[in-house]
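For reference, start_30.cif (mmCIF, C-alpha atoms and all ligand atoms):
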data_query
#
loop_
_atom_site.label_atom_id
_atom_site.label_comp_id
_atom_site.auth_asym_id
_atom_site.auth_seq_id
_atom_site.Cartn_x
_atom_site.Cartn_y
_atom_site.Cartn_z
CA MET A 3 91.61 115.74 82.56
CA LYS A 4 93.03 112.23 82.14
CA ILE A 5 96.37 111.38 83.71
CA LEU A 6 98.55 108.34 83.17
CA SER A 7 100.74 107.91 86.25
CA ILE A 8 103.78 105.77 86.92
CA GLU A 9 105.42 104.74 90.19
CA THR A 10 108.73 102.85 90.36
CA SER A 11 110.60 104.34 93.32
CA CYS A 12 111.09 101.11 95.23
CA ASP A 13 109.84 97.55 94.75
CA GLU A 14 106.35 98.22 93.43
CA THR A 15 105.82 98.80 89.72
CA ALA A 16 102.54 100.63 89.20
CA VAL A 17 100.67 102.32 86.38
CA ALA A 18 97.29 104.02 86.77
CA ILE A 19 94.91 106.05 84.66
CA LEU A 20 92.85 108.66 86.47
CA GLU A 21 90.03 110.84 85.25
CA CYS A 22 90.31 113.95 87.39
CA THR A 23 87.73 116.64 88.00
CA GLY A 24 87.17 119.55 90.35
CA ASP A 25 89.61 121.94 91.95
CA ILE A 26 91.87 121.67 94.96
CA THR A 27 88.96 122.01 97.38
CA GLU A 28 86.81 119.27 95.86
CA ALA A 29 88.79 117.14 93.45
CA SER A 30 87.56 113.74 92.42
CA PHE A 31 89.50 110.90 90.85
CA LYS A 32 87.86 108.15 88.88
CA ILE A 33 90.25 105.25 88.48
CA LEU A 34 89.92 104.09 84.89
CA GLY A 35 92.80 101.65 85.06
CA ASN A 36 95.17 100.50 87.78
CA ALA A 37 97.88 97.87 87.42
CA LEU A 38 100.35 97.09 90.15
CA TYR A 39 103.03 94.46 90.54
CA SER A 40 104.88 93.99 93.80
CA GLN A 41 108.37 92.53 93.72
CA ALA A 42 108.22 91.88 97.46
CA GLU A 43 108.33 88.10 97.06
CA LYS A 44 111.33 88.24 94.74
CA GLN A 45 113.08 90.76 96.97
CA ALA A 46 112.31 88.59 100.01
CA GLU A 47 115.31 86.36 99.26
CA PHE A 48 117.57 89.32 99.96
CA GLY A 49 115.65 90.37 103.05
CA GLY A 50 115.22 93.86 101.64
CA VAL A 51 115.19 95.69 98.36
CA TYR A 52 118.05 95.13 95.99
CA PRO A 53 118.32 98.12 93.59
CA SER A 54 119.54 96.37 90.45
CA LEU A 55 116.92 93.64 90.82
CA ALA A 56 114.29 96.35 91.32
CA LYS A 57 115.43 98.06 88.12
CA ARG A 58 115.33 94.83 86.10
CA GLU A 59 111.87 94.01 87.40
CA HIS A 60 110.56 97.50 86.57
CA GLN A 61 111.99 97.19 83.05
CA ALA A 62 110.31 93.82 82.55
CA ASN A 63 106.95 94.88 83.98
CA LEU A 64 106.30 98.46 82.90
CA VAL A 65 105.03 97.72 79.39
CA PRO A 66 102.76 94.83 80.47
CA LEU A 67 101.35 96.94 83.33
CA ALA A 68 100.79 100.01 81.13
CA THR A 69 99.05 97.74 78.61
CA GLN A 70 96.85 96.31 81.35
CA ALA A 71 95.95 99.72 82.79
CA LEU A 72 95.14 101.20 79.37
CA GLU A 73 93.12 98.13 78.47
CA GLU A 74 91.11 98.43 81.70
CA ALA A 75 90.47 102.04 80.79
CA SER A 76 89.35 100.98 77.27
CA MET A 77 91.98 103.33 75.89
CA LEU A 78 93.97 100.96 73.71
CA SER A 79 93.40 100.94 69.99
CA ILE A 80 95.47 99.67 67.05
CA ARG A 81 97.81 102.23 65.54
CA GLU A 82 96.70 103.08 62.02
CA ASP A 83 99.87 104.75 60.72
CA ASP A 84 101.96 101.75 61.73
CA ASP A 85 104.48 102.28 58.92
CA SER A 86 105.77 105.59 60.21
CA GLU A 87 108.97 105.38 62.21
CA ILE A 88 109.21 106.09 65.90
CA PRO A 89 111.95 108.74 66.16
CA GLU A 90 115.12 107.54 67.87
CA ASP A 91 115.18 110.45 70.33
CA VAL A 92 112.07 109.00 71.95
CA PHE A 93 114.45 106.51 73.58
CA LYS A 94 117.12 109.03 74.48
CA ASN A 95 117.86 107.61 77.91
CA VAL A 96 116.64 104.04 77.51
CA ARG A 97 119.88 102.07 77.36
CA ASP A 98 118.70 98.54 78.03
CA GLU A 99 118.01 96.93 74.65
CA GLU A 100 115.22 94.60 75.78
CA PHE A 101 113.43 97.41 77.61
CA LYS A 102 113.74 99.62 74.54
CA GLN A 103 112.35 96.89 72.28
CA SER A 104 109.36 96.34 74.54
CA ILE A 105 108.52 100.06 74.50
CA LEU A 106 109.09 100.26 70.74
CA THR A 107 106.80 97.32 70.05
CA PHE A 108 104.11 98.83 72.26
CA LEU A 109 104.36 102.21 70.52
CA LYS A 110 104.28 100.62 67.06
CA GLU A 111 101.20 98.56 67.84
CA ASN A 112 99.09 101.01 69.80
CA ALA A 113 97.64 104.39 68.96
CA LYS A 114 98.11 107.41 71.21
CA PRO A 115 95.57 107.18 74.04
CA GLU A 116 93.38 110.11 75.05
CA VAL A 117 95.63 111.15 77.91
CA ASP A 118 96.29 114.81 78.81
CA MET A 119 99.27 114.41 81.11
CA ILE A 120 101.80 111.80 82.21
CA ALA A 121 103.01 111.86 85.83
CA VAL A 122 106.00 109.96 87.13
CA THR A 123 107.69 109.66 90.53
CA ARG A 124 111.05 111.44 90.40
CA GLY A 125 112.16 110.81 94.00
CA PRO A 126 112.89 110.03 96.72
CA GLY A 127 113.73 106.36 96.24
CA LEU A 128 116.27 104.05 94.63
CA GLU A 129 117.83 105.97 91.76
CA PRO A 130 118.12 103.05 89.30
CA ALA A 131 114.46 102.26 89.97
CA LEU A 132 113.39 105.90 89.63
CA TRP A 133 115.28 106.32 86.34
CA THR A 134 113.51 103.30 84.87
CA GLY A 135 110.12 104.90 85.45
CA ILE A 136 111.29 108.32 84.28
CA ASN A 137 112.86 107.01 81.05
CA PHE A 138 109.74 105.00 80.33
CA ALA A 139 107.48 108.01 81.00
CA GLU A 140 109.69 110.24 78.84
CA ALA A 141 109.53 107.79 75.94
CA PHE A 142 105.72 107.83 76.03
CA SER A 143 105.65 111.58 76.51
CA ARG A 144 107.93 112.21 73.51
CA ALA A 145 106.29 109.64 71.25
CA TRP A 146 102.79 110.93 71.93
CA GLY A 147 103.51 114.61 72.56
CA ILE A 148 101.90 114.50 76.00
CA PRO A 149 103.28 116.76 78.77
CA LEU A 150 105.21 115.01 81.53
CA VAL A 151 105.46 116.01 85.19
CA GLY A 152 107.72 114.65 87.90
CA ILE A 153 106.16 114.07 91.31
CA ASP A 154 107.61 113.66 94.78
CA HIS A 155 106.79 110.20 96.11
CA MET A 156 106.24 111.53 99.65
CA GLU A 157 103.81 114.15 98.36
CA GLY A 158 101.95 111.24 96.81
CA HIS A 159 101.77 109.60 100.25
CA VAL A 160 100.47 112.85 101.81
CA VAL A 161 97.73 113.04 99.16
CA SER A 162 96.87 109.35 99.65
CA ALA A 163 95.74 110.11 103.21
CA LEU A 164 93.28 112.71 101.92
CA LEU A 165 91.49 110.44 99.43
CA LYS A 166 88.34 108.59 100.32
CA PRO A 167 86.77 105.93 98.11
CA VAL A 168 83.16 106.55 97.20
CA GLY A 169 80.51 104.33 95.70
CA ARG A 170 81.38 100.71 95.25
CA GLU A 171 83.91 99.46 97.74
CA GLN A 172 86.77 97.91 95.84
CA GLY A 173 88.78 94.79 96.63
CA ALA A 174 91.93 95.32 98.67
CA GLU A 175 94.46 95.33 95.86
CA SER A 176 92.86 93.99 92.73
CA SER A 177 91.35 95.93 89.89
CA GLN A 178 89.98 99.29 90.97
CA LYS A 179 88.47 100.08 87.61
CA THR A 180 85.24 101.17 89.15
CA ALA A 181 86.63 103.04 92.13
CA THR A 182 86.36 106.77 92.59
CA TYR A 183 88.27 108.62 95.26
CA ASN A 184 87.21 112.03 96.49
CA LEU A 185 89.64 114.50 97.99
CA GLN A 186 88.37 115.19 101.50
CA PRO A 187 87.92 118.82 102.45
CA ILE A 188 90.73 119.62 104.85
CA LYS A 189 91.82 122.55 106.92
CA LEU A 190 95.41 123.73 106.82
CA PRO A 191 97.97 123.70 108.34
CA LEU A 192 98.38 119.97 107.94
CA MET A 193 100.94 117.97 109.90
CA ALA A 194 102.00 114.85 107.99
CA LEU A 195 103.61 111.85 109.64
CA LEU A 196 105.13 109.87 106.79
CA ILE A 197 106.11 106.36 107.78
CA SER A 198 107.40 103.86 105.26
CA GLY A 199 110.27 101.52 104.50
CA GLY A 200 112.58 104.35 103.51
CA HIS A 201 111.19 107.35 105.41
CA THR A 202 110.05 108.53 108.78
CA GLU A 203 109.32 112.21 108.91
CA LEU A 204 107.06 114.89 110.30
CA ILE A 205 106.29 117.60 107.78
CA LEU A 206 104.14 120.68 108.19
CA MET A 207 102.15 121.85 105.17
CA LYS A 208 100.95 125.40 105.95
CA GLU A 209 99.69 126.08 102.45
CA TRP A 210 99.18 123.52 99.72
CA PHE A 211 102.59 122.25 98.54
CA GLU A 212 104.56 124.41 100.96
CA TYR A 213 106.40 122.17 103.34
CA ARG A 214 108.55 122.59 106.38
CA ALA A 215 110.47 119.71 107.96
CA VAL A 216 109.59 119.28 111.65
CA GLY A 217 111.35 116.01 112.40
CA ARG A 218 112.88 113.03 110.65
CA THR A 219 114.73 109.86 111.42
CA ARG A 220 118.43 110.15 112.06
CA ASP A 221 119.08 106.54 111.08
CA ASP A 222 116.63 103.80 110.13
CA ALA A 223 113.08 104.37 108.95
CA VAL A 224 110.37 102.81 111.09
CA GLY A 225 109.37 100.40 108.30
CA GLU A 226 113.00 99.41 107.96
CA ALA A 227 113.07 98.66 111.70
CA PHE A 228 109.96 96.47 111.29
CA ASP A 229 111.68 94.68 108.40
CA LYS A 230 114.97 94.20 110.29
CA VAL A 231 113.32 92.95 113.47
CA ALA A 232 111.20 90.62 111.34
CA ARG A 233 114.40 89.22 109.90
CA LEU A 234 115.79 88.64 113.40
CA LEU A 235 112.60 86.72 114.13
CA SER A 236 113.03 84.73 110.87
CA LEU A 237 109.94 86.31 109.33
CA PRO A 238 109.86 87.01 105.58
CA TYR A 239 110.19 90.47 103.98
CA PRO A 240 108.26 92.78 104.16
CA GLY A 241 108.21 92.25 107.88
CA GLY A 242 105.72 94.90 109.00
CA PRO A 243 102.52 92.91 108.48
CA LYS A 244 104.08 89.73 109.96
CA ILE A 245 105.25 91.50 113.11
CA ALA A 246 101.80 93.04 113.46
CA GLU A 247 100.26 89.55 113.23
CA LEU A 248 102.53 88.09 115.94
CA ALA A 249 101.95 91.11 118.16
CA ALA A 250 98.19 90.74 117.74
CA GLU A 251 98.40 87.08 118.77
CA SER A 252 100.35 88.04 121.86
CA ARG A 253 97.78 90.68 122.82
CA GLU A 254 94.93 88.29 122.19
CA LYS A 255 96.44 85.70 124.53
CA GLY A 256 96.85 88.35 127.18
CA GLY A 257 99.12 87.68 130.15
CA GLU A 258 102.19 89.57 131.09
CA ASN A 259 104.83 90.42 128.49
CA PRO A 260 108.27 90.00 130.08
CA PHE A 261 109.89 92.17 127.39
CA SER A 262 109.85 95.91 126.89
CA PHE A 263 112.03 98.13 124.75
CA PRO A 264 112.76 101.84 125.09
CA SER A 265 111.33 104.35 122.60
CA PRO A 266 114.41 106.24 121.41
CA MET A 267 114.78 110.06 121.14
CA THR A 268 111.52 110.67 122.92
CA SER A 269 112.92 112.36 126.03
CA GLY A 270 114.86 115.04 124.12
CA PRO A 271 113.53 118.33 122.79
CA THR A 272 113.51 117.51 119.07
CA CYS A 273 110.84 115.79 117.03
CA ASP A 274 113.43 113.60 115.30
CA PHE A 275 113.31 109.82 115.32
CA SER A 276 115.84 107.05 115.70
CA PHE A 277 115.09 103.38 115.22
CA SER A 278 118.44 101.66 114.88
CA GLY A 279 118.97 101.44 118.65
CA LEU A 280 115.58 99.84 119.05
CA LYS A 281 116.50 97.15 116.54
CA THR A 282 119.80 96.58 118.41
CA ALA A 283 117.94 96.31 121.73
CA VAL A 284 115.79 93.57 120.20
CA LEU A 285 118.91 91.82 118.92
CA TYR A 286 120.63 91.87 122.36
CA THR A 287 117.52 90.60 124.06
CA MET A 288 117.28 87.73 121.61
CA LYS A 289 120.96 86.85 122.01
CA LYS A 290 120.39 86.23 125.70
CA ILE A 291 117.73 83.61 125.01
CA ASP A 292 118.60 80.12 123.96
CA GLY A 293 116.09 78.93 121.35
CA LEU A 294 113.15 81.31 121.26
CA SER A 295 109.75 79.78 121.96
CA ASP A 296 106.77 80.81 119.84
CA THR A 297 105.36 82.72 122.79
CA GLU A 298 108.62 84.57 123.26
CA ARG A 299 108.63 85.56 119.58
CA GLU A 300 105.11 86.91 119.93
CA HIS A 301 106.07 88.80 123.07
CA ILE A 302 109.09 90.35 121.37
CA ALA A 303 107.00 91.36 118.35
CA GLU A 304 104.46 93.00 120.63
CA ALA A 305 107.09 94.81 122.73
CA PHE A 306 108.85 96.05 119.60
CA GLU A 307 105.61 97.24 117.99
CA ASN A 308 104.68 99.07 121.20
CA ALA A 309 108.07 100.82 121.38
CA ALA A 310 107.89 101.87 117.72
CA LYS A 311 104.30 103.07 118.15
CA ASP A 312 105.18 105.04 121.30
CA ALA A 313 108.10 106.76 119.56
CA LEU A 314 105.81 107.82 116.70
CA VAL A 315 103.08 109.05 119.03
CA ILE A 316 105.38 110.91 121.45
CA GLN A 317 107.26 112.76 118.71
CA THR A 318 104.05 113.63 116.87
CA ARG A 319 102.53 114.92 120.12
CA LYS A 320 105.55 117.22 120.52
CA ALA A 321 105.20 118.38 116.93
CA LEU A 322 101.50 119.18 117.40
CA ARG A 323 102.25 121.13 120.57
CA GLN A 324 105.02 123.05 118.89
CA ASP A 325 103.19 123.87 115.63
CA THR A 326 99.48 124.45 115.32
CA ALA A 327 97.82 122.07 112.88
CA GLU A 328 94.17 121.55 111.95
CA THR A 329 94.78 118.21 110.25
CA LEU A 330 97.05 115.28 111.06
CA ALA A 331 97.71 113.00 108.10
CA ILE A 332 99.48 109.68 108.57
CA ALA A 333 100.64 107.87 105.45
CA GLY A 334 103.13 105.41 103.98
CA GLY A 335 103.31 101.62 104.22
CA VAL A 336 103.52 101.55 108.03
CA SER A 337 100.26 103.53 108.30
CA ALA A 338 98.54 100.21 107.54
CA ASN A 339 99.47 99.11 111.07
CA LYS A 340 96.30 98.82 113.17
CA THR A 341 97.99 99.32 116.54
CA ILE A 342 99.63 102.51 115.29
CA ARG A 343 96.39 103.77 113.75
CA GLY A 344 94.55 103.05 116.98
CA ALA A 345 97.15 104.92 119.05
CA PHE A 346 96.80 108.01 116.87
CA ARG A 347 93.01 107.90 117.07
CA GLU A 348 93.42 107.92 120.86
CA LEU A 349 95.97 110.72 120.80
CA VAL A 350 93.79 113.00 118.71
CA LYS A 351 90.61 112.19 120.62
CA LYS A 352 92.13 112.78 124.04
CA GLU A 353 94.68 115.52 123.48
CA PHE A 354 93.95 117.29 120.19
CA PRO A 355 90.18 117.13 119.69
CA GLN A 356 90.31 120.11 117.33
CA VAL A 357 92.60 118.19 114.94
CA THR A 358 91.15 115.97 112.21
CA LEU A 359 93.01 112.69 111.70
CA MET A 360 93.34 111.46 108.11
CA VAL A 361 94.69 108.03 107.18
CA PRO A 362 94.74 106.41 103.75
CA HIS A 363 92.22 103.81 102.69
CA LYS A 364 93.79 100.34 102.86
CA SER A 365 94.09 100.26 99.08
CA LEU A 366 96.42 103.28 99.22
CA THR A 367 98.74 102.69 102.19
CA GLY A 368 101.48 100.99 100.16
CA ASP A 369 103.21 102.40 97.11
CA ASN A 370 100.85 102.93 94.19
CA ALA A 371 100.40 105.06 91.08
CA ILE A 372 97.00 106.48 92.06
CA MET A 373 98.56 108.80 94.65
CA ILE A 374 101.13 109.99 92.08
CA GLY A 375 98.43 110.82 89.51
CA ALA A 376 96.29 112.54 92.16
CA ALA A 377 99.22 114.65 93.40
CA ALA A 378 100.02 115.63 89.80
CA TYR A 379 96.44 116.76 89.21
CA LEU A 380 96.29 118.78 92.43
CA ARG A 381 99.55 120.51 91.52
CA LYS A 382 98.24 121.19 88.03
CA THR A 383 94.99 122.73 89.28
CA ALA A 384 96.94 124.83 91.79
CA GLY A 385 99.30 126.04 89.04
CA LYS A 386 102.27 124.51 90.84
CA ILE A 387 103.88 122.44 88.12
CA SER A 388 107.47 123.22 87.33
CA ALA A 389 108.32 122.38 83.75
CA ASN A 390 111.98 121.46 84.15
CA GLY A 391 113.46 118.31 82.65
CA ILE A 392 112.97 115.43 85.04
CA GLN A 393 115.94 113.99 86.88
CA ALA A 394 115.76 111.14 89.36
CA ALA A 395 116.46 112.48 92.84
CA GLY A 396 116.99 109.63 95.28
CA LYS A 397 117.16 111.94 98.27
CA LEU A 398 114.51 114.46 97.24
CA ARG A 399 113.00 116.30 100.21
CA LEU A 400 109.52 117.78 100.34
CA GLU A 401 110.64 121.02 101.94
CA THR A 402 112.94 121.77 98.98
CA LEU A 403 110.21 121.49 96.32
CA PRO A 404 109.44 124.65 94.35
O1 LIG A 501 105.29 102.99 101.61
P1 LIG A 501 105.81 101.62 101.40
O2 LIG A 501 104.92 100.62 100.70
O3 LIG A 501 107.15 101.64 100.59
C1 LIG A 501 108.14 102.61 100.80
O4 LIG A 501 108.04 103.70 100.18
O5 LIG A 501 109.02 102.29 101.62
O6 LIG A 501 106.23 101.04 102.84
C2 LIG A 501 106.75 99.75 103.00
C3 LIG A 501 107.01 99.49 104.47
C4 LIG A 501 107.75 98.19 104.75
O7 LIG A 501 108.82 98.47 105.62
C5 LIG A 501 106.70 97.32 105.44
O8 LIG A 501 107.25 96.39 106.34
C6 LIG A 501 105.87 98.35 106.14
O9 LIG A 501 105.78 99.42 105.20
N1 LIG A 501 104.52 97.87 106.50
C7 LIG A 501 104.09 97.75 107.78
C8 LIG A 501 102.77 97.22 107.69
N2 LIG A 501 102.47 97.05 106.39
C9 LIG A 501 103.55 97.45 105.66
N3 LIG A 501 104.68 98.04 108.95
C10 LIG A 501 103.99 97.80 110.07
N4 LIG A 501 102.74 97.29 110.09
C11 LIG A 501 102.10 96.98 108.94
N5 LIG A 501 100.85 96.48 108.97
ZN ZN A 502 106.33 104.83 99.70
#
As a first step, turn the structure in this file into structure tokens.
Amino acid sequence: MKILSIETSCDETAVAILECTGDITEASFKILGNALYSQAEKQAEFGGVYPSLAKREHQANLVPLATQALEEASMLSIREDDDSEIPEDVFKNVRDEEFKQSILTFLKENAKPEVDMIAVTRGPGLEPALWTGINFAEAFSRAWGIPLVGIDHMEGHVVSALLKPVGREQGAESSQKTATYNLQPIKLPLMALLISGGHTELILMKEWFEYRAVGRTRDDAVGEAFDKVARLLSLPYPGGPKIAELAAESREKGGENPFSFPSPMTSGPTCDFSFSGLKTAVLYTMKKIDGLSDTEREHIAEAFENAAKDALVIQTRKALRQDTAETLAIAGGVSANKTIRGAFRELVKKEFPQVTLMVPHKSLTGDNAIMIGAAAYLRKTAGKISANGIQAAGKLRLETLP
């Protein structure tokens, strides 16, 4: 089965084509095409993600990226019946004239590719950004008569942790034409710690696609805290990798770190998170210092990263004590963080040796379309696709999925 997948929930525009085989115990995904454009640099001016800019960027980039992915997959061919009209209802929800024209031109020039299903992220995320992907996917689905499924972005992140590249090791981000990812055999229940720019949550998956919320942030997401603290330290967006770099320099130099920040929520009984107080603690500390030295910036980055890491580890430890799990999956943009990964390796080794830790390959930690296509296929093989019309759902929650 070949799936064309689309991800536009935040500031990455991504289109992938996956050839999927096997069932839910041994699925394999050959990446035939994969095109991704990150708006991070453009969004950097605003210090975060600006929804209407995200929407405009998705509109400008979806057709070029779909073209690139299909070309990589050798699935583009010239449309023979190029005189026949494209019915107007194909564009039912596409209001932006330029976006519509770019889709129309693409559909007029290119023949229907050999794709069996189209998958698109329907939430959670920025609604204007989500709608752009959904409207685009619907236009293709209607024009070509290919079934369309809406996928939960966070489910995509869960699946990303379970995929392992085989064969040729691909470059970090560039073309993954030749990559194949195999679904790793896992034991359920699976506890997922999802950590990104918009989310921080602990979710228990007892059976495939059956979720229960165990804990979530009451205010900022951990990635958001990284981004906000980075801004305080005058580091560009996205701040996570930059903070990690400064913190690593501080650790490398050794010596005593005069700063330390508390890990919020950790002393209470719940597995919830809170990161806004931590950001404020960093702000107050910085206000007391006149002109931060480079060393002080590194120390603050390290102390912040440690506090964030400790909060994640302590709450996950509680969750694993409270609910039995055979697998711990950590995913989302922040799962790229080496200090956090290392801390979880330690936790599992020392305290939960019966639990298998799964983290995504570096090519899949950030937002991408591969995880959306893979989740769609796994749902399809498990007979868990609901065929309702697709609406963007900015606040979609895993535990409410049918
Ligand atoms: O999953 P993702 O790409 O997008 C969302 O769905 O939000 O996550 C982006 C977040 C950003 O907040 C970014 O700063 C953070 O992931 N991030 C990191 C690292 N790499 C990315 N945070 C800490 N350490 C990193 N190495
Ligand atoms: Zn994400």
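Atom pair CA of Ser262 in chain A / atom O9 of ligand LIG 501 (chain A): separated by 22.3 Å.
The residue that comes closest to ligand ZN 502 (chain A), out of A:Ser104, A:Asn137, A:Ser30, A:Ser11 and on the basis of all atoms listed in the file, is A:Ser11.
Each of A:Leu165, A:Ala16, A:Ala333, A:Ala384 was compared to ligand ZN 502 (chain A) using all atoms listed in the file, and A:Ala333 turns out to be the nearest.
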Looking at all atoms listed in the file, which of A:Ile136, A:Ala250, A:Leu150, A:Ile245 is the one that sits closest to ligand LIG 501 (chain A)? A:Ile245
Within 6 Å of ligand LIG 501 (chain A) (only C-alpha atoms and all ligand atoms), residues as a ChimeraX atom specification: /A:198-200,225-226,228-229,240-243,246,334-336,338-339,368-369
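If you count all atoms listed in the file and ignore residues fewer than 2 places along the chain from range 352-355 of chain A, what sits within 12 Å of it is A:Val315, A:Ile316, A:Thr318, A:Arg319, A:Lys320, A:Ala321, A:Leu322, A:Arg323, A:Thr326, A:Ala327, A:Glu328, A:Thr329, A:Leu330, A:Ala345, A:Phe346, A:Arg347, A:Glu348, A:Leu349, A:Val350, A:Val357, A:Thr358, A:Leu359.
All residues of protein, DNA or RNA that reach within 10 Å of His155 in chain A, judged by all atoms listed in the file and not counting those fewer than 2 positions away in the chain, are A:Glu9, A:Thr10, A:Ser11, A:Val122, A:Thr123, A:Arg124, A:Gly125, A:Pro126, A:Gly127, A:Gly152, A:Ile153, A:Glu157, A:Gly158, A:His159, A:Val160, A:Val161, A:Gly334, A:Asp369, A:Asn370, A:Ala371, A:Met373, A:Ile374, A:Ala377, A:Leu398, A:Arg399, A:Leu400.
The spacing separating CA of Arg343 in chain A from CA of Leu192 in chain A amounts to 17.3 Å.
Closest approach to Thr402 in chain A among A:Tyr39, A:Trp133, A:Tyr52, A:Phe211: A:Phe211, based on only C-alpha atoms.
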